[in-house]
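This report concerns only the one structure given below.
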Amino acid sequence: MQTEKIIEIVHNALEDMKAKEIVDLDVRGRSTVTDYMVIASGTSKRHVGAIAEEVGIQIKAAGLLPLGSEGQSVSDWILVDLGDVVVHIMMPDARDFYDLERLWGVEKDA
């Protein structure tokens, strides 16, 4: 499946679950792990977990299987690995602390 289609499915899941501050990062040439990262915030640990679960459901419905996921037991930050796309769903405090947008060279809008 095309990477753009995977990102579209991820966005649909994030929007369906009312995720906040959705950002796409093109990390081709800067990461050996993935081509794109999609970062979103949840409003509570339960919300973060539910968003990650919905991403998995919609990806599986499209005929793909996630390569893995991490963080379900903590739920401050859940990562869903889809190969060419890695989805980071974070609590706002964790997102501010780790600041992946800055780490990967993308400045937040003021």
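Residue numbering restarts at 1 for every chain of the structure tokens, chains are lettered A, B, ... in their displayed order, and ligands are numbered from 1 as they appear.
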
(Q) Can you tell me which residues surround segment 88-94 of chain A at a distance of at most 12 Å, considering only C-alpha atoms, apart from same-chain residues fewer than 3 positions away, and format the answer as a PyMOL selection string? (A) chain A and resi 10-11+13-14+17-25+36-55+69-72+74-82+85+97-101

Q) Residues of chain A in alpha helix (DSSP H) according to DSSP, as number ranges by chain? A) A: 3-16, 45-61, 92-98, 100-103

With N, CA and C atoms kept, could you save the residues just selected as a compact mmCIF listing (two decimals), in the first residue's frame?
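Saved to again.txt:
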```
# COMPACT_ATOMS: atom_id res chain seq x y z
N THR A 3 2.42 4.83 0.79
CA THR A 3 2.62 5.54 2.05
C THR A 3 1.56 6.62 2.24
N GLU A 4 1.20 7.32 1.18
CA GLU A 4 0.21 8.39 1.28
C GLU A 4 -1.14 7.84 1.75
N LYS A 5 -1.48 6.64 1.29
CA LYS A 5 -2.74 6.01 1.70
C LYS A 5 -2.69 5.62 3.19
N ILE A 6 -1.54 5.14 3.64
CA ILE A 6 -1.39 4.81 5.07
C ILE A 6 -1.57 6.06 5.91
N ILE A 7 -0.95 7.17 5.49
CA ILE A 7 -1.09 8.42 6.23
C ILE A 7 -2.54 8.87 6.25
N GLU A 8 -3.24 8.71 5.14
CA GLU A 8 -4.66 9.08 5.07
C GLU A 8 -5.49 8.25 6.06
N ILE A 9 -5.23 6.96 6.12
CA ILE A 9 -5.96 6.09 7.06
C ILE A 9 -5.66 6.51 8.50
N VAL A 10 -4.39 6.79 8.78
CA VAL A 10 -4.01 7.24 10.12
C VAL A 10 -4.73 8.53 10.47
N HIS A 11 -4.74 9.49 9.55
CA HIS A 11 -5.43 10.75 9.80
C HIS A 11 -6.92 10.54 10.06
N ASN A 12 -7.54 9.66 9.28
CA ASN A 12 -8.96 9.37 9.50
C ASN A 12 -9.19 8.85 10.91
N ALA A 13 -8.35 7.92 11.35
CA ALA A 13 -8.48 7.37 12.70
C ALA A 13 -8.27 8.44 13.76
N LEU A 14 -7.25 9.27 13.58
CA LEU A 14 -6.96 10.33 14.54
C LEU A 14 -8.11 11.33 14.62
N GLU A 15 -8.63 11.71 13.46
CA GLU A 15 -9.74 12.67 13.43
C GLU A 15 -11.02 12.05 14.00
N ASP A 16 -11.28 10.77 13.69
CA ASP A 16 -12.45 10.10 14.25
C ASP A 16 -12.43 10.10 15.77
N LYS A 45 -4.86 9.81 29.45
CA LYS A 45 -4.20 8.54 29.15
C LYS A 45 -5.17 7.57 28.48
N ARG A 46 -6.40 7.57 28.93
CA ARG A 46 -7.41 6.70 28.32
C ARG A 46 -7.65 7.11 26.86
N HIS A 47 -7.69 8.42 26.60
CA HIS A 47 -7.89 8.91 25.25
C HIS A 47 -6.72 8.50 24.35
N VAL A 48 -5.49 8.64 24.86
CA VAL A 48 -4.30 8.23 24.10
C VAL A 48 -4.40 6.76 23.72
N GLY A 49 -4.78 5.91 24.68
CA GLY A 49 -4.92 4.48 24.42
C GLY A 49 -6.01 4.19 23.40
N ALA A 50 -7.13 4.89 23.51
CA ALA A 50 -8.24 4.67 22.57
C ALA A 50 -7.86 5.11 21.16
N ILE A 51 -7.12 6.20 21.05
CA ILE A 51 -6.67 6.66 19.73
C ILE A 51 -5.76 5.61 19.09
N ALA A 52 -4.80 5.11 19.86
CA ALA A 52 -3.88 4.09 19.33
C ALA A 52 -4.64 2.84 18.90
N GLU A 53 -5.62 2.45 19.69
CA GLU A 53 -6.42 1.28 19.34
C GLU A 53 -7.18 1.50 18.03
N GLU A 54 -7.74 2.69 17.85
CA GLU A 54 -8.48 3.00 16.62
C GLU A 54 -7.56 3.02 15.40
N VAL A 55 -6.35 3.53 15.56
CA VAL A 55 -5.38 3.49 14.46
C VAL A 55 -5.16 2.03 14.04
N GLY A 56 -4.95 1.15 15.01
CA GLY A 56 -4.76 -0.26 14.71
C GLY A 56 -5.97 -0.89 14.02
N ILE A 57 -7.16 -0.56 14.50
CA ILE A 57 -8.39 -1.10 13.91
C ILE A 57 -8.53 -0.68 12.46
N GLN A 58 -8.33 0.62 12.19
CA GLN A 58 -8.51 1.11 10.81
C GLN A 58 -7.41 0.60 9.87
N ILE A 59 -6.20 0.47 10.38
CA ILE A 59 -5.11 -0.07 9.56
C ILE A 59 -5.40 -1.53 9.21
N LYS A 60 -5.84 -2.31 10.20
CA LYS A 60 -6.17 -3.72 9.94
C LYS A 60 -7.35 -3.85 8.98
N ALA A 61 -8.33 -2.95 9.10
CA ALA A 61 -9.49 -2.98 8.19
C ALA A 61 -9.06 -2.71 6.75
N PRO A 92 -0.06 15.73 26.27
CA PRO A 92 0.58 17.02 26.02
C PRO A 92 1.89 17.23 26.79
N ASP A 93 1.96 16.81 28.05
CA ASP A 93 3.20 16.98 28.82
C ASP A 93 4.35 16.20 28.22
N ALA A 94 4.08 14.96 27.80
CA ALA A 94 5.13 14.15 27.18
C ALA A 94 5.54 14.75 25.84
N ARG A 95 4.57 15.24 25.11
CA ARG A 95 4.87 15.84 23.80
C ARG A 95 5.73 17.09 23.96
N ASP A 96 5.41 17.91 24.95
CA ASP A 96 6.22 19.10 25.21
C ASP A 96 7.63 18.71 25.66
N PHE A 97 7.73 17.70 26.51
CA PHE A 97 9.03 17.29 27.05
C PHE A 97 9.94 16.73 25.95
N TYR A 98 9.42 15.80 25.16
CA TYR A 98 10.25 15.16 24.13
C TYR A 98 10.39 15.99 22.87
N LEU A 100 9.35 16.17 19.72
CA LEU A 100 9.81 15.46 18.52
C LEU A 100 9.87 16.36 17.30
N GLU A 101 8.98 17.34 17.23
CA GLU A 101 9.01 18.25 16.08
C GLU A 101 10.35 18.98 16.01
N ARG A 102 10.84 19.47 17.13
CA ARG A 102 12.13 20.16 17.16
C ARG A 102 13.27 19.17 16.93
N LEU A 103 13.17 18.00 17.58
CA LEU A 103 14.21 16.99 17.45
C LEU A 103 14.44 16.60 16.00
```

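Selecting strand (DSSP E) from the backbone DSSP output for segment 9-105 of chain A yields A:Lys20, A:Glu21, A:Ile22, A:Val23, A:Asp24, A:Leu25, A:Asp26, A:Tyr36, A:Met37, A:Val38, A:Ile39, A:Ala40, A:Ser41, A:Gly68, A:Ser69, A:Glu70, A:Trp77, A:Ile78, A:Leu79, A:Val80, A:Asp81, A:Val85, A:Val86, A:Val87, A:His88, A:Ile89, A:Met90.
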
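Proximity to Asp84 of chain A was assessed for A:Thr34, A:Leu67, A:Gln2, A:Gly29 counting only C-alpha atoms; the smallest distance is recorded for A:Thr34.
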